[in-house]
$ cat my_file_2.cif   # mmCIF, C-alpha atoms
data_my_file
#
loop_
_atom_site.group_PDB
_atom_site.id
_atom_site.type_symbol
_atom_site.label_atom_id
_atom_site.label_comp_id
_atom_site.auth_asym_id
_atom_site.auth_seq_id
_atom_site.Cartn_x
_atom_site.Cartn_y
_atom_site.Cartn_z
ATOM 1 C CA MET A 1 105.141 43.737 -13.944
ATOM 2 C CA SER A 2 106.419 40.277 -13.008
ATOM 3 C CA LEU A 3 109.719 38.990 -14.297
ATOM 4 C CA PRO A 4 109.729 35.797 -16.391
ATOM 5 C CA ALA A 5 110.616 32.628 -14.553
ATOM 6 C CA PRO A 6 114.292 31.660 -14.872
ATOM 7 C CA PRO A 7 115.059 28.698 -17.136
ATOM 8 C CA ASP A 8 114.762 25.339 -15.415
ATOM 9 C CA PRO A 9 118.215 23.652 -15.424
ATOM 10 C CA PHE A 10 116.773 20.155 -15.894
ATOM 11 C CA THR A 11 114.679 21.228 -18.889
ATOM 12 C CA GLU A 12 117.564 23.170 -20.386
ATOM 13 C CA ARG A 13 119.935 20.224 -20.061
ATOM 14 C CA LEU A 14 117.422 17.780 -21.513
ATOM 15 C CA ARG A 15 116.627 19.972 -24.497
ATOM 16 C CA ALA A 16 120.325 20.534 -25.191
ATOM 17 C CA LEU A 17 120.904 16.772 -25.305
ATOM 18 C CA VAL A 18 117.849 16.121 -27.480
ATOM 19 C CA THR A 19 118.556 18.860 -30.013
ATOM 20 C CA ALA A 20 122.280 18.177 -30.384
ATOM 21 C CA ALA A 21 123.518 17.072 -33.794
ATOM 22 C CA GLY A 22 123.443 13.336 -34.350
ATOM 23 C CA SER A 23 120.226 12.492 -32.493
ATOM 24 C CA VAL A 24 118.521 11.016 -35.558
ATOM 25 C CA ALA A 25 121.571 8.904 -36.395
ATOM 26 C CA ASP A 26 121.763 7.697 -32.783
ATOM 27 C CA LEU A 27 118.123 6.664 -32.824
ATOM 28 C CA ARG A 28 118.478 4.796 -36.101
ATOM 29 C CA ARG A 29 121.584 3.025 -34.830
ATOM 30 C CA TYR A 30 120.025 2.057 -31.510
ATOM 31 C CA PHE A 31 116.818 0.717 -33.040
ATOM 32 C CA GLY A 32 118.667 -0.981 -35.903
ATOM 33 C CA MET A 33 116.614 0.768 -38.552
ATOM 34 C CA ASP A 34 118.973 -0.391 -41.281
ATOM 35 C CA ARG A 35 119.173 -4.009 -40.030
ATOM 36 C CA PRO A 36 116.832 -6.959 -39.468
ATOM 37 C CA PRO A 37 115.271 -6.821 -35.945
ATOM 38 C CA ALA A 38 117.417 -9.683 -34.639
ATOM 39 C CA ALA A 39 120.575 -7.924 -35.818
ATOM 40 C CA ALA A 40 120.033 -4.585 -34.051
ATOM 41 C CA ALA A 41 123.166 -3.257 -32.366
ATOM 42 C CA PHE A 42 121.408 -2.903 -28.994
ATOM 43 C CA THR A 43 119.103 -5.476 -27.389
ATOM 44 C CA GLY A 44 117.024 -2.604 -26.004
ATOM 45 C CA ALA A 45 115.706 -2.085 -29.534
ATOM 46 C CA ARG A 46 113.305 -4.956 -28.732
ATOM 47 C CA PHE A 47 112.080 -3.526 -25.423
ATOM 48 C CA GLU A 48 108.859 -2.077 -26.844
ATOM 49 C CA ALA A 49 108.076 -4.590 -29.554
ATOM 50 C CA LEU A 50 108.720 -7.950 -27.911
ATOM 51 C CA GLY A 51 105.515 -9.983 -27.838
ATOM 52 C CA GLY A 52 103.527 -7.122 -29.316
ATOM 53 C CA GLY A 53 104.357 -4.750 -26.458
ATOM 54 C CA GLY A 54 103.558 -4.650 -22.768
ATOM 55 C CA ASP A 55 100.650 -2.250 -23.177
ATOM 56 C CA HIS A 56 98.582 -3.967 -25.835
ATOM 57 C CA GLN A 57 95.051 -4.530 -24.636
ATOM 58 C CA ALA A 58 95.205 -8.265 -23.932
ATOM 59 C CA VAL A 59 98.105 -7.969 -21.466
ATOM 60 C CA ALA A 60 98.181 -4.312 -20.450
ATOM 61 C CA ASP A 61 97.161 -4.974 -16.851
ATOM 62 C CA THR A 62 99.159 -8.161 -16.279
ATOM 63 C CA VAL A 63 102.858 -8.898 -16.008
ATOM 64 C CA THR A 64 103.838 -11.527 -18.569
ATOM 65 C CA ALA A 65 106.939 -13.599 -19.136
ATOM 66 C CA GLU A 66 107.626 -11.441 -22.194
ATOM 67 C CA ASP A 67 107.639 -8.328 -19.991
ATOM 68 C CA LEU A 68 110.286 -9.947 -17.804
ATOM 69 C CA ILE A 69 112.408 -10.778 -20.851
ATOM 70 C CA ALA A 70 111.862 -7.271 -22.234
ATOM 71 C CA VAL A 71 113.393 -5.620 -19.174
ATOM 72 C CA GLN A 72 116.414 -7.887 -19.583
ATOM 73 C CA THR A 73 117.019 -6.215 -22.943
ATOM 74 C CA LEU A 74 117.675 -3.080 -20.872
ATOM 75 C CA SER A 75 120.264 -4.883 -18.755
ATOM 76 C CA VAL A 76 118.229 -5.577 -15.613
ATOM 77 C CA THR A 77 116.870 -8.871 -14.299
ATOM 78 C CA VAL A 78 113.920 -9.609 -12.040
ATOM 79 C CA PRO A 79 114.896 -12.286 -9.486
ATOM 80 C CA ALA A 80 113.242 -15.640 -10.157
ATOM 81 C CA ALA A 81 111.174 -15.726 -6.955
ATOM 82 C CA VAL A 82 109.837 -12.227 -7.581
ATOM 83 C CA ALA A 83 109.185 -13.038 -11.245
ATOM 84 C CA LEU A 84 107.056 -16.018 -10.232
ATOM 85 C CA ASP A 85 105.169 -13.896 -7.701
ATOM 86 C CA LEU A 86 104.460 -11.287 -10.377
ATOM 87 C CA LEU A 87 103.347 -13.939 -12.845
ATOM 88 C CA GLU A 88 101.321 -16.183 -10.528
ATOM 89 C CA GLY A 89 101.182 -14.781 -7.012
ATOM 90 C CA HIS A 90 99.895 -12.055 -4.741
ATOM 91 C CA ALA A 91 102.321 -9.390 -5.985
ATOM 92 C CA GLY A 92 101.019 -9.900 -9.510
ATOM 93 C CA THR A 93 97.417 -9.583 -8.344
ATOM 94 C CA GLN A 94 98.220 -6.354 -6.487
ATOM 95 C CA LEU A 95 100.095 -4.921 -9.453
ATOM 96 C CA SER A 96 97.276 -5.815 -11.856
ATOM 97 C CA THR A 97 94.811 -3.912 -9.673
ATOM 98 C CA LEU A 98 97.014 -0.825 -9.828
ATOM 99 C CA LEU A 99 97.703 -1.152 -13.558
ATOM 100 C CA ARG A 100 93.965 -1.164 -14.269
ATOM 101 C CA ALA A 101 93.835 2.314 -12.724
ATOM 102 C CA ILE A 102 96.714 3.688 -14.845
ATOM 103 C CA PRO A 103 95.706 4.926 -18.320
ATOM 104 C CA ARG A 104 97.528 3.131 -21.131
ATOM 105 C CA ASP A 105 96.661 5.666 -23.841
ATOM 106 C CA LEU A 106 97.805 8.814 -22.015
ATOM 107 C CA ASP A 107 101.034 10.614 -22.925
ATOM 108 C CA MET A 108 103.019 12.058 -20.054
ATOM 109 C CA ALA A 109 102.835 15.520 -21.646
ATOM 110 C CA ASP A 110 99.027 15.348 -21.494
ATOM 111 C CA ALA A 111 98.875 13.917 -17.977
ATOM 112 C CA THR A 112 98.123 15.931 -14.881
ATOM 113 C CA GLU A 113 100.437 15.991 -11.886
ATOM 114 C CA ALA A 114 97.867 13.836 -10.105
ATOM 115 C CA HIS A 115 98.687 10.981 -12.480
ATOM 116 C CA LEU A 116 102.265 11.014 -11.119
ATOM 117 C CA ASP A 117 101.860 12.032 -7.472
ATOM 118 C CA PRO A 118 102.868 9.734 -4.581
ATOM 119 C CA ASP A 119 99.198 8.826 -4.055
ATOM 120 C CA SER A 120 98.645 7.934 -7.721
ATOM 121 C CA PRO A 121 98.204 4.325 -8.870
ATOM 122 C CA ALA A 122 101.384 4.703 -10.945
ATOM 123 C CA HIS A 123 103.474 5.685 -7.953
ATOM 124 C CA LYS A 124 101.886 2.996 -5.802
ATOM 125 C CA ALA A 125 102.783 0.462 -8.500
ATOM 126 C CA TRP A 126 106.370 1.729 -8.437
ATOM 127 C CA ASP A 127 106.419 1.436 -4.628
ATOM 128 C CA LEU A 128 105.012 -2.098 -4.827
ATOM 129 C CA LEU A 129 107.715 -3.197 -7.240
ATOM 130 C CA ARG A 130 110.405 -1.345 -5.336
ATOM 131 C CA ASP A 131 109.439 -3.255 -2.182
ATOM 132 C CA GLN A 132 110.067 -6.650 -3.804
ATOM 133 C CA PRO A 133 113.341 -8.362 -2.824
ATOM 134 C CA GLY A 134 116.082 -7.655 -5.327
ATOM 135 C CA ILE A 135 114.096 -5.026 -7.263
ATOM 136 C CA GLY A 136 115.740 -1.615 -7.266
ATOM 137 C CA TRP A 137 114.420 1.706 -8.489
ATOM 138 C CA VAL A 138 115.855 1.158 -11.968
ATOM 139 C CA THR A 139 114.185 -2.220 -12.512
ATOM 140 C CA ALA A 140 110.878 -1.045 -11.043
ATOM 141 C CA GLY A 141 110.856 1.916 -13.416
ATOM 142 C CA LYS A 142 111.767 -0.148 -16.466
ATOM 143 C CA LEU A 143 109.028 -2.681 -15.806
ATOM 144 C CA LEU A 144 106.455 0.110 -15.480
ATOM 145 C CA ALA A 145 107.800 1.775 -18.624
ATOM 146 C CA ARG A 146 107.184 -1.512 -20.444
ATOM 147 C CA LYS A 147 103.556 -1.577 -19.210
ATOM 148 C CA ARG A 148 102.822 2.151 -19.712
ATOM 149 C CA PRO A 149 105.391 3.422 -22.240
ATOM 150 C CA ARG A 150 103.511 6.610 -23.094
ATOM 151 C CA LEU A 151 103.069 7.749 -19.502
ATOM 152 C CA LEU A 152 106.053 6.438 -17.509
ATOM 153 C CA PRO A 153 109.696 6.892 -18.555
ATOM 154 C CA VAL A 154 112.751 4.684 -18.361
ATOM 155 C CA TYR A 155 115.167 6.197 -15.853
ATOM 156 C CA ASP A 156 118.477 4.543 -15.046
ATOM 157 C CA ARG A 157 121.922 5.504 -13.799
ATOM 158 C CA VAL A 158 123.177 6.567 -17.219
ATOM 159 C CA VAL A 159 120.250 8.944 -17.743
ATOM 160 C CA ARG A 160 120.525 10.191 -14.162
ATOM 161 C CA CYS A 161 124.192 10.959 -14.722
ATOM 162 C CA ALA A 162 123.419 12.811 -17.956
ATOM 163 C CA VAL A 163 120.522 14.978 -16.749
ATOM 164 C CA GLY A 164 120.939 15.098 -12.980
ATOM 165 C CA GLN A 165 118.876 13.894 -10.063
ATOM 166 C CA PRO A 166 115.730 15.972 -9.583
ATOM 167 C CA ARG A 167 113.625 15.379 -6.504
ATOM 168 C CA SER A 168 111.073 13.574 -8.676
ATOM 169 C CA PHE A 169 112.185 12.504 -12.143
ATOM 170 C CA TRP A 170 108.591 11.905 -13.241
ATOM 171 C CA HIS A 171 107.493 15.422 -12.284
ATOM 172 C CA ALA A 172 110.648 17.003 -13.712
ATOM 173 C CA MET A 173 110.118 15.174 -17.000
ATOM 174 C CA HIS A 174 106.437 16.128 -17.043
ATOM 175 C CA SER A 175 107.313 19.812 -16.575
ATOM 176 C CA ALA A 176 110.070 19.653 -19.208
ATOM 177 C CA LEU A 177 107.742 18.180 -21.834
ATOM 178 C CA ARG A 178 105.151 20.908 -21.225
ATOM 179 C CA ALA A 179 107.527 23.889 -20.944
ATOM 180 C CA ASP A 180 107.495 26.598 -23.609
ATOM 181 C CA ASP A 181 104.247 25.393 -25.145
ATOM 182 C CA TYR A 182 105.349 21.734 -25.308
ATOM 183 C CA ALA A 183 108.588 22.537 -27.167
ATOM 184 C CA LEU A 184 110.432 19.399 -26.027
ATOM 185 C CA GLN A 185 107.450 17.176 -26.816
ATOM 186 C CA ARG A 186 107.355 18.586 -30.358
ATOM 187 C CA GLU A 187 111.107 18.193 -30.804
ATOM 188 C CA LEU A 188 110.925 14.541 -29.761
ATOM 189 C CA LEU A 189 108.080 13.868 -32.176
ATOM 190 C CA VAL A 190 110.143 15.421 -34.991
ATOM 191 C CA LEU A 191 113.085 13.176 -34.086
ATOM 192 C CA LYS A 192 110.868 10.104 -34.021
ATOM 193 C CA GLN A 193 109.497 10.878 -37.472
ATOM 194 C CA ALA A 194 112.899 11.776 -38.913
ATOM 195 C CA ALA A 195 114.391 8.507 -37.654
ATOM 196 C CA GLY A 196 111.476 6.523 -39.094
ATOM 197 C CA LEU A 197 110.768 4.791 -35.793
ATOM 198 C CA PRO A 198 107.774 2.466 -35.347
ATOM 199 C CA GLU A 199 104.590 3.803 -33.802
ATOM 200 C CA ALA A 200 105.174 1.637 -30.723
ATOM 201 C CA VAL A 201 108.200 3.720 -29.735
ATOM 202 C CA SER A 202 106.872 6.415 -27.410
ATOM 203 C CA VAL A 203 108.074 10.002 -27.113
ATOM 204 C CA LEU A 204 109.438 9.150 -23.675
ATOM 205 C CA ARG A 205 111.469 6.298 -25.109
ATOM 206 C CA VAL A 206 112.840 8.534 -27.874
ATOM 207 C CA CYS A 207 114.049 10.893 -25.162
ATOM 208 C CA ASP A 208 115.532 8.080 -23.087
ATOM 209 C CA VAL A 209 117.431 6.586 -26.027
ATOM 210 C CA VAL A 210 118.820 9.924 -27.233
ATOM 211 C CA VAL A 211 120.087 10.785 -23.751
ATOM 212 C CA TRP A 212 121.429 7.276 -23.154
ATOM 213 C CA MET A 213 123.253 7.204 -26.480
ATOM 214 C CA ARG A 214 124.828 10.570 -25.714
ATOM 215 C CA HIS A 215 126.236 9.439 -22.390
ATOM 216 C CA HIS A 216 126.590 5.658 -22.031
ATOM 217 C CA THR A 217 130.181 5.488 -23.281
ATOM 218 C CA ASP A 218 131.352 8.293 -20.989
ATOM 219 C CA HIS A 219 129.402 6.696 -18.139
ATOM 220 C CA GLN A 220 131.294 3.438 -18.603
ATOM 221 C CA ASP A 221 134.693 5.069 -19.155
ATOM 222 C CA VAL A 222 134.822 7.739 -16.458
ATOM 223 C CA GLY A 223 131.972 6.977 -14.065
ATOM 224 C CA CYS A 224 129.171 9.230 -12.905
ATOM 225 C CA THR A 225 128.798 11.946 -10.328
ATOM 226 C CA TRP A 226 125.460 10.470 -9.307
ATOM 227 C CA ASP A 227 126.534 6.824 -9.061
#
$ encode --input "my_file_2.cif" --output "structure tokens"
Amino acid sequence: MSLPAPPDPFTERLRALVTAAGSVADLRRYFGMDRPPAAAAFTGARFEALGGGGDHQAVADTVTAEDLIAVQTLSVTVPAAVALDLLEGHAGTQLSTLLRAIPRDLDMADATEAHLDPDSPAHKAWDLLRDQPGIGWVTAGKLLARKRPRLLPVYDRVVRCAVGQPRSFWHAMHSALRADDYALQRELLVLKQAAGLPEAVSVLRVCDVVVWMRHHTDHQDVGCTWD
């Protein structure tokens, strides 16, 4: 008789943050559910919705000026020369080729590991962006999260500080969503519904915002182990 696998620390930490009291209130505050869109407390509330979203069919495989503004709502900026290359140059052509190979209607919880592996189009797109001058891992991830919000998560220093630094955040998140018969995925869907969030807000983004809201003040005040 085999013993059950020990709890995964990353999954345990993530679920504890998500299920803590106040998550619904945090989501409503972040997304400005009780205010006009322009009056939301956090600019990131517009990340998904700006220009109809980065994954709507007409622009899903192309970087647009609205995508570049959208990532600024999450406090990162694409350098002007790189932005022009993504909009009009070779880097944009390369990225479009990779985006066409990344499903836009696939949730991370339903993906296979192959969708996230180093040889996957998604990872190659991340590498391509990461190789651009002045683009770090945070900005590369946020731009891809704008283009494929259901499949690829936002991951920044605040979230890393809150949940730790697994070898591969994508794979760790994928495993966490699927653990215990998709318990975390279901909990995030319940939070999304309870907060009354728009359909465009993905499960991954619900998770990101809850974790970020839990930790961003402490991150600013006392710093992070992982910074």
$ closest_atom_pairs --input "my_file_2.cif" --of "segment 133-226 of chain A" --to "segment 91-115 of chain A" --cutoff "12 Å" --atoms "only C-alpha atoms" --output "Markdown table"
| residue | atom | partner | partner_atom | distance |
| --- | --- | --- | --- | --- |
| A:Pro133 | CA | A:Ala91 | CA | 11.5 |
| A:Ala140 | CA | A:Leu95 | CA | 11.6 |
| A:Leu143 | CA | A:Leu95 | CA | 11.2 |
| A:Leu144 | CA | A:Leu99 | CA | 9.0 |
| A:Ala145 | CA | A:Arg104 | CA | 10.7 |
| A:Arg146 | CA | A:Arg104 | CA | 10.7 |
| A:Lys147 | CA | A:Arg104 | CA | 7.9 |
| A:Arg148 | CA | A:Arg104 | CA | 5.6 |
| A:Pro149 | CA | A:Arg104 | CA | 7.9 |
| A:Arg150 | CA | A:Asp107 | CA | 4.7 |
| A:Leu151 | CA | A:Met108 | CA | 4.3 |
| A:Leu152 | CA | A:Met108 | CA | 6.9 |
| A:Pro153 | CA | A:Met108 | CA | 8.6 |
| A:Ser168 | CA | A:Glu113 | CA | 11.4 |
| A:Trp170 | CA | A:Met108 | CA | 8.8 |
| A:His171 | CA | A:Glu113 | CA | 7.1 |
| A:Ala172 | CA | A:Glu113 | CA | 10.4 |
| A:Met173 | CA | A:Met108 | CA | 8.3 |
| A:His174 | CA | A:Ala109 | CA | 5.9 |
| A:Ser175 | CA | A:Ala109 | CA | 8.0 |
| A:Ala176 | CA | A:Ala109 | CA | 8.7 |
| A:Leu177 | CA | A:Ala109 | CA | 5.6 |
| A:Arg178 | CA | A:Ala109 | CA | 5.9 |
| A:Ala179 | CA | A:Ala109 | CA | 9.6 |
| A:Asp181 | CA | A:Ala109 | CA | 10.6 |
| A:Tyr182 | CA | A:Ala109 | CA | 7.6 |
| A:Ala183 | CA | A:Ala109 | CA | 10.6 |
| A:Leu184 | CA | A:Ala109 | CA | 9.6 |
| A:Gln185 | CA | A:Ala109 | CA | 7.1 |
| A:Arg186 | CA | A:Ala109 | CA | 10.3 |
| A:Leu188 | CA | A:Ala109 | CA | 11.5 |
| A:Leu189 | CA | A:Ala109 | CA | 11.9 |
| A:Ala200 | CA | A:Asp105 | CA | 11.7 |
| A:Ser202 | CA | A:Asp107 | CA | 8.5 |
| A:Val203 | CA | A:Asp107 | CA | 8.2 |
| A:Leu204 | CA | A:Met108 | CA | 7.9 |
| A:Arg205 | CA | A:Met108 | CA | 11.4 |
$ resolve_selection --input "my_file_2.cif" --expression "the PyMOL selection byres ((chain A and resi 70) around 8)" --output "ChimeraX atom specification"
/A:44,46-48,50,66-69,71-74,146
$ residues_around --input "my_file_2.cif" --residues "Thr19 of chain A" --least-positions-apart "4" --cutoff "10 Å" --atoms "only C-alpha atoms" --output "PyMOL selection string"
chain A and resi 14-15+23-24+184+187-188+191+210
$ atom_distance --input "my_file_2.cif" --atom1 "atom CA of His216 of chain A" --atom2 "atom CA of Val158 of chain A"
6.0 Å
$ closest_residue --input "my_file_2.cif" --among "A:Val18, A:Leu129, A:Ala41, A:Val138" --to "Ser75 of chain A" --atoms "only C-alpha atoms"
A:Val138
$ resolve_selection --input "my_file_2.cif" --expression "the PyMOL selection byres ((chain A and resi 198) around 12)" --output "VMD selection string"
chain A and resid 27 to 28 31 to 33 37 45 to 46 48 to 49 53 189 192 to 197 199 to 203 205 to 206
$ resolve_selection --input "my_file_2.cif" --expression "the PyMOL selection byres ((chain A and resi 211) around 8)" --output "mmCIF file with C-alpha atoms, keeping the file's coordinate frame"
data_model
loop_
_atom_site.group_PDB
_atom_site.id
_atom_site.type_symbol
_atom_site.label_atom_id
_atom_site.label_comp_id
_atom_site.auth_asym_id
_atom_site.auth_seq_id
_atom_site.Cartn_x
_atom_site.Cartn_y
_atom_site.Cartn_z
ATOM 1 C CA LEU A 14 117.422 17.780 -21.513
ATOM 2 C CA LEU A 17 120.904 16.772 -25.305
ATOM 3 C CA VAL A 18 117.849 16.121 -27.480
ATOM 4 C CA VAL A 159 120.250 8.944 -17.743
ATOM 5 C CA ALA A 162 123.419 12.811 -17.956
ATOM 6 C CA CYS A 207 114.049 10.893 -25.162
ATOM 7 C CA ASP A 208 115.532 8.080 -23.087
ATOM 8 C CA VAL A 209 117.431 6.586 -26.027
ATOM 9 C CA VAL A 210 118.820 9.924 -27.233
ATOM 10 C CA TRP A 212 121.429 7.276 -23.154
ATOM 11 C CA MET A 213 123.253 7.204 -26.480
ATOM 12 C CA ARG A 214 124.828 10.570 -25.714
ATOM 13 C CA HIS A 215 126.236 9.439 -22.390
#
$ residues_around --input "my_file_2.cif" --residues "Val78 of chain A" --least-positions-apart "2" --cutoff "8 Å" --atoms "only C-alpha atoms" --output "PyMOL selection string"
chain A and resi 68+76+80+82-83+134-135+139
$ closest_residue --input "my_file_2.cif" --among "A:Leu84, A:Val63, A:Ala58, A:Val163" --to "Thr11 of chain A" --atoms "all atoms listed in the file"
A:Val163
$ atom_distance --input "my_file_2.cif" --atom1 "atom CA of Phe169 of chain A" --atom2 "atom CA of Ala125 of chain A"
15.7 Å
$ closest_residue --input "my_file_2.cif" --among "A:Arg29, A:Arg167, A:His90, A:His56" --to "Thr43 of chain A" --atoms "only C-alpha atoms"
A:Arg29
$ atom_distance --input "my_file_2.cif" --atom1 "atom CA of Trp137 of chain A" --atom2 "atom CA of Asp156 of chain A"
8.2 Å
$ build_atoms --input "my_file_2.cif" --residues "segment 186-206 of chain A" --atoms "N, CA, C and O atoms" --output "JSON list (two decimals), in the coordinates of the input"
[["chain", "number", "residue", "atom", "x", "y", "z"],
["A", 186, "ARG", "N", 107.36, 18.44, -28.90],
["A", 186, "ARG", "CA", 107.36, 18.59, -30.36],
["A", 186, "ARG", "C", 108.70, 18.17, -30.96],
["A", 186, "ARG", "O", 108.74, 17.52, -32.01],
["A", 187, "GLU", "N", 109.79, 18.55, -30.29],
["A", 187, "GLU", "CA", 111.11, 18.19, -30.80],
["A", 187, "GLU", "C", 111.30, 16.67, -30.83],
["A", 187, "GLU", "O", 111.89, 16.12, -31.77],
["A", 188, "LEU", "N", 110.80, 16.00, -29.81],
["A", 188, "LEU", "CA", 110.92, 14.54, -29.76],
["A", 188, "LEU", "C", 110.08, 13.87, -30.84],
["A", 188, "LEU", "O", 110.50, 12.88, -31.44],
["A", 189, "LEU", "N", 108.91, 14.41, -31.10],
["A", 189, "LEU", "CA", 108.08, 13.87, -32.18],
["A", 189, "LEU", "C", 108.75, 14.04, -33.54],
["A", 189, "LEU", "O", 108.69, 13.15, -34.39],
["A", 190, "VAL", "N", 109.41, 15.19, -33.74],
["A", 190, "VAL", "CA", 110.14, 15.42, -34.99],
["A", 190, "VAL", "C", 111.28, 14.41, -35.13],
["A", 190, "VAL", "O", 111.49, 13.84, -36.21],
["A", 191, "LEU", "N", 112.01, 14.16, -34.05],
["A", 191, "LEU", "CA", 113.08, 13.18, -34.09],
["A", 191, "LEU", "C", 112.56, 11.78, -34.41],
["A", 191, "LEU", "O", 113.15, 11.05, -35.21],
["A", 192, "LYS", "N", 111.45, 11.42, -33.77],
["A", 192, "LYS", "CA", 110.87, 10.10, -34.02],
["A", 192, "LYS", "C", 110.51, 9.94, -35.49],
["A", 192, "LYS", "O", 110.81, 8.90, -36.11],
["A", 193, "GLN", "N", 109.89, 10.95, -36.07],
["A", 193, "GLN", "CA", 109.50, 10.88, -37.47],
["A", 193, "GLN", "C", 110.73, 10.86, -38.38],
["A", 193, "GLN", "O", 110.80, 10.07, -39.34],
["A", 194, "ALA", "N", 111.71, 11.70, -38.07],
["A", 194, "ALA", "CA", 112.90, 11.78, -38.91],
["A", 194, "ALA", "C", 113.69, 10.47, -38.90],
["A", 194, "ALA", "O", 114.31, 10.09, -39.90],
["A", 195, "ALA", "N", 113.67, 9.78, -37.76],
["A", 195, "ALA", "CA", 114.39, 8.51, -37.65],
["A", 195, "ALA", "C", 113.60, 7.34, -38.22],
["A", 195, "ALA", "O", 114.13, 6.24, -38.36],
["A", 196, "GLY", "N", 112.31, 7.58, -38.54],
["A", 196, "GLY", "CA", 111.48, 6.52, -39.09],
["A", 196, "GLY", "C", 111.15, 5.43, -38.10],
["A", 196, "GLY", "O", 111.01, 4.26, -38.48],
["A", 197, "LEU", "N", 111.00, 5.79, -36.83],
["A", 197, "LEU", "CA", 110.77, 4.79, -35.79],
["A", 197, "LEU", "C", 109.34, 4.26, -35.83],
["A", 197, "LEU", "O", 108.41, 4.97, -36.23],
["A", 198, "PRO", "N", 109.13, 3.04, -35.38],
["A", 198, "PRO", "CA", 107.77, 2.47, -35.35],
["A", 198, "PRO", "C", 106.86, 3.23, -34.40],
["A", 198, "PRO", "O", 107.32, 3.89, -33.46],
["A", 199, "GLU", "N", 105.58, 3.13, -34.63],
["A", 199, "GLU", "CA", 104.59, 3.80, -33.80],
["A", 199, "GLU", "C", 104.71, 3.39, -32.34],
["A", 199, "GLU", "O", 104.47, 4.19, -31.43],
["A", 200, "ALA", "N", 105.10, 2.15, -32.09],
["A", 200, "ALA", "CA", 105.17, 1.64, -30.72],
["A", 200, "ALA", "C", 106.22, 2.34, -29.87],
["A", 200, "ALA", "O", 106.16, 2.29, -28.64],
["A", 201, "VAL", "N", 107.17, 3.01, -30.49],
["A", 201, "VAL", "CA", 108.20, 3.72, -29.74],
["A", 201, "VAL", "C", 107.62, 5.05, -29.26],
["A", 201, "VAL", "O", 107.28, 5.91, -30.07],
["A", 202, "SER", "N", 107.50, 5.22, -27.97],
["A", 202, "SER", "CA", 106.87, 6.42, -27.41],
["A", 202, "SER", "C", 107.83, 7.60, -27.42],
["A", 202, "SER", "O", 109.05, 7.45, -27.55],
["A", 203, "VAL", "N", 107.28, 8.79, -27.24],
["A", 203, "VAL", "CA", 108.07, 10.00, -27.11],
["A", 203, "VAL", "C", 109.04, 9.88, -25.93],
["A", 203, "VAL", "O", 110.21, 10.29, -26.02],
["A", 204, "LEU", "N", 108.56, 9.32, -24.84],
["A", 204, "LEU", "CA", 109.44, 9.15, -23.68],
["A", 204, "LEU", "C", 110.63, 8.26, -24.00],
["A", 204, "LEU", "O", 111.75, 8.50, -23.55],
["A", 205, "ARG", "N", 110.38, 7.22, -24.77],
["A", 205, "ARG", "CA", 111.47, 6.30, -25.11],
["A", 205, "ARG", "C", 112.44, 6.96, -26.08],
["A", 205, "ARG", "O", 113.66, 6.72, -26.00],
["A", 206, "VAL", "N", 111.95, 7.78, -26.99],
["A", 206, "VAL", "CA", 112.84, 8.53, -27.87],
["A", 206, "VAL", "C", 113.79, 9.37, -27.02],
["A", 206, "VAL", "O", 115.00, 9.39, -27.25]]
